[in-house]
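Source file: input_15.json (JSON, C-alpha atoms)
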```json
[["chain", "number", "residue", "atom", "x", "y", "z"],
["A", 26, "MET", "CA", 9.83, 46.79, 6.67],
["A", 27, "SER", "CA", 7.26, 45.20, 4.36],
["A", 28, "VAL", "CA", 5.06, 42.25, 5.18],
["A", 29, "LYS", "CA", 5.61, 39.12, 3.10],
["A", 30, "PRO", "CA", 2.43, 37.89, 1.42],
["A", 31, "ILE", "CA", 3.52, 34.29, 2.08],
["A", 32, "PRO", "CA", 4.72, 34.01, 5.67],
["A", 33, "GLU", "CA", 8.03, 32.36, 6.52],
["A", 34, "ASP", "CA", 7.76, 28.72, 7.65],
["A", 35, "TYR", "CA", 4.45, 28.09, 5.86],
["A", 36, "PRO", "CA", 4.12, 25.98, 2.72],
["A", 37, "ARG", "CA", 1.99, 27.31, -0.13],
["A", 38, "VAL", "CA", -0.71, 24.68, 0.44],
["A", 39, "THR", "CA", -1.75, 23.78, 3.97],
["A", 40, "PRO", "CA", -4.53, 21.34, 4.84],
["A", 41, "TYR", "CA", -7.00, 22.63, 7.43],
["A", 42, "LEU", "CA", -8.81, 19.88, 9.32],
["A", 43, "CYS", "CA", -12.09, 20.20, 11.16],
["A", 44, "CYS", "CA", -12.13, 17.82, 14.10],
["A", 45, "ASP", "CA", -14.88, 16.84, 16.49],
["A", 46, "GLY", "CA", -12.46, 16.82, 19.43],
["A", 47, "ALA", "CA", -9.47, 18.85, 18.24],
["A", 48, "ALA", "CA", -7.48, 18.44, 21.48],
["A", 49, "ALA", "CA", -7.74, 14.65, 21.20],
["A", 50, "ALA", "CA", -6.85, 14.90, 17.50],
["A", 51, "ILE", "CA", -3.71, 16.86, 18.35],
["A", 52, "ASP", "CA", -2.76, 14.17, 20.86],
["A", 53, "PHE", "CA", -3.36, 11.45, 18.23],
["A", 54, "TYR", "CA", -1.35, 13.22, 15.50],
["A", 55, "THR", "CA", 1.58, 14.01, 17.78],
["A", 56, "ASP", "CA", 1.65, 10.53, 19.35],
["A", 57, "VAL", "CA", 0.98, 8.42, 16.25],
["A", 58, "LEU", "CA", 2.31, 10.48, 13.34],
["A", 59, "GLY", "CA", 5.10, 12.35, 15.14],
["A", 60, "ALA", "CA", 3.68, 15.83, 14.57],
["A", 61, "THR", "CA", 4.93, 18.75, 16.63],
["A", 62, "GLU", "CA", 2.45, 21.27, 17.97],
["A", 63, "ARG", "CA", 3.39, 24.76, 16.74],
["A", 64, "MET", "CA", 0.56, 26.70, 18.36],
["A", 65, "ARG", "CA", -2.92, 26.44, 19.83],
["A", 66, "MET", "CA", -5.60, 29.11, 20.32],
["A", 67, "PRO", "CA", -8.45, 28.35, 22.70],
["A", 68, "ALA", "CA", -12.08, 29.10, 21.92],
["A", 69, "PRO", "CA", -15.13, 29.30, 24.19],
["A", 70, "GLY", "CA", -16.54, 26.05, 25.52],
["A", 71, "ASP", "CA", -13.17, 24.35, 25.98],
["A", 72, "LYS", "CA", -12.76, 24.18, 22.21],
["A", 73, "ILE", "CA", -9.75, 24.88, 20.03],
["A", 74, "GLY", "CA", -10.32, 27.79, 17.67],
["A", 75, "HIS", "CA", -7.12, 27.20, 15.72],
["A", 76, "ALA", "CA", -4.03, 25.03, 16.06],
["A", 77, "GLU", "CA", -1.03, 24.26, 13.90],
["A", 78, "LEU", "CA", 1.01, 21.09, 13.70],
["A", 79, "ALA", "CA", 4.32, 20.52, 11.95],
["A", 80, "PHE", "CA", 4.95, 17.26, 10.13],
["A", 81, "GLY", "CA", 8.58, 17.69, 9.15],
["A", 82, "ASN", "CA", 8.54, 20.62, 6.73],
["A", 83, "SER", "CA", 4.74, 20.47, 6.30],
["A", 84, "VAL", "CA", 2.04, 22.22, 8.28],
["A", 85, "VAL", "CA", -1.48, 21.05, 9.08],
["A", 86, "MET", "CA", -3.94, 23.45, 10.65],
["A", 87, "LEU", "CA", -6.95, 22.26, 12.60],
["A", 88, "ALA", "CA", -9.74, 23.39, 14.85],
["A", 89, "ASP", "CA", -12.79, 22.07, 16.61],
["A", 90, "GLU", "CA", -16.05, 21.80, 14.78],
["A", 91, "PHE", "CA", -18.17, 24.97, 14.69],
["A", 92, "PRO", "CA", -21.38, 23.96, 12.87],
["A", 93, "ASP", "CA", -22.99, 27.40, 13.32],
["A", 94, "MET", "CA", -20.15, 28.79, 11.19],
["A", 95, "GLY", "CA", -20.43, 26.03, 8.58],
["A", 96, "PHE", "CA", -17.23, 24.34, 9.84],
["A", 97, "ARG", "CA", -18.11, 20.65, 10.12],
["A", 98, "SER", "CA", -16.03, 17.54, 10.64],
["A", 99, "PRO", "CA", -16.06, 14.47, 8.40],
["A", 100, "LYS", "CA", -18.20, 12.68, 10.98],
["A", 101, "SER", "CA", -20.87, 15.39, 10.70],
["A", 102, "VAL", "CA", -21.02, 15.31, 6.90],
["A", 103, "GLY", "CA", -20.84, 11.55, 6.37],
["A", 104, "GLY", "CA", -17.13, 11.09, 5.66],
["A", 105, "THR", "CA", -14.31, 12.71, 3.77],
["A", 106, "PRO", "CA", -13.54, 12.62, 0.04],
["A", 107, "MET", "CA", -9.82, 13.23, 0.54],
["A", 108, "THR", "CA", -6.79, 11.46, 1.94],
["A", 109, "LEU", "CA", -3.70, 12.98, 3.53],
["A", 110, "HIS", "CA", -0.45, 11.29, 2.51],
["A", 111, "VAL", "CA", 2.42, 11.33, 4.99],
["A", 112, "TYR", "CA", 5.86, 9.73, 4.82],
["A", 113, "VAL", "CA", 7.08, 8.17, 8.05],
["A", 114, "GLU", "CA", 10.25, 6.38, 9.10],
["A", 115, "ASP", "CA", 8.56, 3.04, 9.91],
["A", 116, "VAL", "CA", 5.18, 2.62, 8.24],
["A", 117, "ASP", "CA", 4.47, -0.72, 9.93],
["A", 118, "ALA", "CA", 5.03, 0.67, 13.43],
["A", 119, "VAL", "CA", 3.06, 3.86, 12.75],
["A", 120, "PHE", "CA", 0.17, 1.91, 11.23],
["A", 121, "ALA", "CA", 0.02, -0.50, 14.18],
["A", 122, "LYS", "CA", 0.09, 2.40, 16.65],
["A", 123, "ALA", "CA", -2.69, 4.19, 14.76],
["A", 124, "LEU", "CA", -4.91, 1.11, 15.01],
["A", 125, "GLN", "CA", -4.03, 0.71, 18.69],
["A", 126, "LYS", "CA", -5.07, 4.33, 19.29],
["A", 127, "GLY", "CA", -8.48, 3.91, 17.65],
["A", 128, "ALA", "CA", -7.93, 4.27, 13.90],
["A", 129, "THR", "CA", -9.75, 1.98, 11.47],
["A", 130, "GLU", "CA", -7.80, 0.06, 8.85],
["A", 131, "LEU", "CA", -8.87, 0.86, 5.30],
["A", 132, "ASP", "CA", -5.99, -0.75, 3.41],
["A", 133, "ALA", "CA", -3.38, -2.97, 5.06],
["A", 134, "VAL", "CA", 0.30, -2.06, 4.82],
["A", 135, "LYS", "CA", 1.94, -3.56, 1.75],
["A", 136, "ASP", "CA", 4.73, -2.95, -0.72],
["A", 137, "GLN", "CA", 3.69, -0.94, -3.78],
["A", 138, "PHE", "CA", 5.08, -1.22, -7.31],
["A", 139, "TYR", "CA", 6.42, 2.35, -7.19],
["A", 140, "GLY", "CA", 8.80, 1.70, -4.28],
["A", 141, "ASP", "CA", 6.75, 2.72, -1.25],
["A", 142, "ARG", "CA", 5.35, 0.54, 1.50],
["A", 143, "THR", "CA", 1.94, 2.00, 2.33],
["A", 144, "GLY", "CA", -1.20, 1.53, 4.36],
["A", 145, "GLN", "CA", -4.34, 3.60, 4.80],
["A", 146, "PHE", "CA", -6.42, 4.24, 7.90],
["A", 147, "GLU", "CA", -9.22, 6.48, 9.05],
["A", 148, "ASP", "CA", -8.37, 8.27, 12.28],
["A", 149, "PRO", "CA", -10.89, 8.48, 15.15],
["A", 150, "PHE", "CA", -11.94, 11.94, 13.86],
["A", 151, "GLY", "CA", -12.93, 10.79, 10.38],
["A", 152, "HIS", "CA", -9.83, 11.87, 8.45],
["A", 153, "ARG", "CA", -8.13, 9.40, 6.10],
["A", 154, "TRP", "CA", -4.36, 9.01, 6.15],
["A", 155, "ASN", "CA", -2.14, 7.17, 3.70],
["A", 156, "VAL", "CA", 1.10, 6.46, 5.56],
["A", 157, "ALA", "CA", 4.19, 5.41, 3.66],
["A", 158, "SER", "CA", 7.87, 4.64, 3.91],
["A", 159, "HIS", "CA", 9.96, 4.74, 0.75],
["A", 160, "VAL", "CA", 11.68, 1.35, 0.55],
["A", 161, "GLU", "CA", 13.01, 1.14, -3.01],
["A", 162, "ASP", "CA", 14.21, 3.51, -5.71],
["A", 163, "VAL", "CA", 12.62, 2.13, -8.86],
["A", 164, "PRO", "CA", 14.28, 3.00, -12.20],
["A", 165, "GLU", "CA", 11.96, 4.62, -14.77],
["A", 166, "GLU", "CA", 11.90, 1.61, -17.12],
["A", 167, "GLU", "CA", 11.14, -0.79, -14.28],
["A", 168, "MET", "CA", 8.45, 1.59, -12.97],
["A", 169, "ALA", "CA", 6.69, 1.54, -16.36],
["A", 170, "LYS", "CA", 6.80, -2.27, -16.43],
["A", 171, "ARG", "CA", 5.46, -2.57, -12.88],
["A", 172, "ALA", "CA", 2.75, 0.02, -13.46],
["A", 173, "LYS", "CA", 1.52, -1.87, -16.52],
["A", 174, "GLU", "CA", 1.43, -5.13, -14.55],
["A", 175, "ALA", "CA", -0.39, -3.46, -11.65],
["A", 176, "MET", "CA", -3.02, -1.97, -13.98],
["A", 177, "GLN", "CA", -3.62, -5.44, -15.44],
["A", 178, "GLY", "CA", -4.11, -6.84, -11.93],
["A", 179, "GLY", "CA", -0.84, -8.74, -11.77],
["A", 180, "GLU", "CA", 1.12, -7.02, -9.04]]
```

Hey, can you dump this file as structure tokens for me?
Amino acid sequence: MSVKPIPEDYPRVTPYLCCDGAAAAIDFYTDVLGATERMRMPAPGDKIGHAELAFGNSVVMLADEFPDMGFRSPKSVGGTPMTLHVYVEDVDAVFAKALQKGATELDAVKDQFYGDRTGQFEDPFGHRWNVASHVEDVPEEEMAKRAKEAMQGGE
């Protein structure tokens, strides 16, 4: 039997998050975003050396911060330049729960010209999340019209 170079049940691209408090981050992501914990490997000092969460058919890996290995969280390096986008069933409820659990609102939930209702928050661990629910299928011609209006500031 040969080993597959891309393991079963793993997407080609998988975000790997460094968290100052990975156990609490896992609790936040499972409670707020509906992730399912796939596995967790402990590390010395009550830390998590590696964990995997499933978000539907997506996987996010994460671990505690290990500065001596150059693995630092957004809080340690002054923020993050990236945002994770996740579709959820009820963006308003998820966004409210995130704020209740300690997230910071970056962009309030609102309808977007492209048919999604979105909001953005920073979780208590310094990671930015854009949460969305698809609310409208927008035909291509209408999308072009709305995009033009949005770019001119008239959404």

Atom pair CA of Glu161 in chain A / CA of Asp148 in chain A: separation (Å)
27.2 Å

Near Asp115 in chain A, counting only C-alpha atoms, which residues have an atom at most 12 Å away, once you skip same-chain residues fewer than 4 positions from it, shown as number ranges by chain?
A: 57-59, 111, 119-122, 134, 141-144, 156-160

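Restricting the calculation to all atoms listed in the file, the smallest distance between Cys44 in chain A and any of A:His152, A:His110, A:Arg65, A:Lys29 is found for A:His152.
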
Residues within 9 Å of Gly151 in chain A, only C-alpha atoms, excluding chain neighbours under 5 positions, as a VMD selection string:
chain A and resid 44 to 45 98 to 100 103 to 105 128

May I ask for the distance between CA of Trp154 in chain A and CA of Leu131 in chain A, given in Å to one decimal place?
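Here the two named atoms are 9.4 Å from each other.
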
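Comparing the minimum interatomic distances between Ala123 in chain A and each of A:Asn155, A:Asn82, A:Asp162, A:Ser27, counting only C-alpha atoms, we find that A:Asn155 sits nearest.
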
For the atom pair CA of Ala88 in chain A and CA of Leu109 in chain A, what is the interatomic distance in Å to one decimal place?
16.5 Å

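If you count all atoms listed in the file and ignore residues fewer than 5 places along the chain from range 66-81 of chain A, what sits within 8 Å of it is Gly46, Ala47, Ala48, Ile51, Leu58, Gly59, Ala60, Thr61, Met86, Leu87, Ala88 and Asp89 of chain A.
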
Nearest residue to Ser83 in chain A out of A:Gln137, A:Thr129, A:Gln145, A:Thr39, using only C-alpha atoms?
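Of A:Gln137, A:Thr129, A:Gln145, A:Thr39, the one nearest Ser83 in chain A, counting only C-alpha atoms, is A:Thr39.
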
N, CA and C atoms restored at range 27-42 of chain A, emitted as a tab-separated table (two decimals), in the coordinates of the input:
```
chain	number	residue	atom	x	y	z
A	27	SER	N	8.51	45.62	5.00
A	27	SER	CA	7.26	45.20	4.36
A	27	SER	C	6.87	43.81	4.86
A	28	VAL	N	5.60	43.54	4.77
A	28	VAL	CA	5.06	42.25	5.18
A	28	VAL	C	5.09	41.32	3.97
A	29	LYS	N	5.56	40.10	4.18
A	29	LYS	CA	5.61	39.12	3.10
A	29	LYS	C	4.22	38.53	2.90
A	30	PRO	N	3.75	38.45	1.66
A	30	PRO	CA	2.43	37.89	1.42
A	30	PRO	C	2.34	36.40	1.73
A	31	ILE	N	3.46	35.69	1.68
A	31	ILE	CA	3.52	34.29	2.08
A	31	ILE	C	4.45	34.23	3.28
A	32	PRO	N	3.89	33.97	4.46
A	32	PRO	CA	4.72	34.01	5.67
A	32	PRO	C	5.84	32.97	5.66
A	33	GLU	N	6.93	33.31	6.33
A	33	GLU	CA	8.03	32.36	6.52
A	33	GLU	C	7.50	31.12	7.25
A	34	ASP	N	8.08	29.98	6.97
A	34	ASP	CA	7.76	28.72	7.65
A	34	ASP	C	6.37	28.19	7.37
A	35	TYR	N	5.74	28.63	6.27
A	35	TYR	CA	4.45	28.09	5.86
A	35	TYR	C	4.56	27.64	4.40
A	36	PRO	N	4.14	26.42	4.12
A	36	PRO	CA	4.12	25.98	2.72
A	36	PRO	C	2.99	26.69	1.98
A	37	ARG	N	3.02	26.65	0.68
A	37	ARG	CA	1.99	27.31	-0.13
A	37	ARG	C	0.61	26.69	0.07
A	38	VAL	N	0.55	25.38	0.24
A	38	VAL	CA	-0.71	24.68	0.44
A	38	VAL	C	-0.67	24.03	1.82
A	39	THR	N	-1.69	24.32	2.62
A	39	THR	CA	-1.75	23.78	3.97
A	39	THR	C	-3.13	23.20	4.23
A	40	PRO	N	-3.23	21.90	4.49
A	40	PRO	CA	-4.53	21.34	4.84
A	40	PRO	C	-5.05	21.94	6.14
A	41	TYR	N	-6.36	22.13	6.21
A	41	TYR	CA	-7.00	22.63	7.43
A	41	TYR	C	-8.09	21.63	7.80
A	42	LEU	N	-7.90	20.93	8.91
A	42	LEU	CA	-8.81	19.88	9.32
A	42	LEU	C	-9.81	20.36	10.36
```
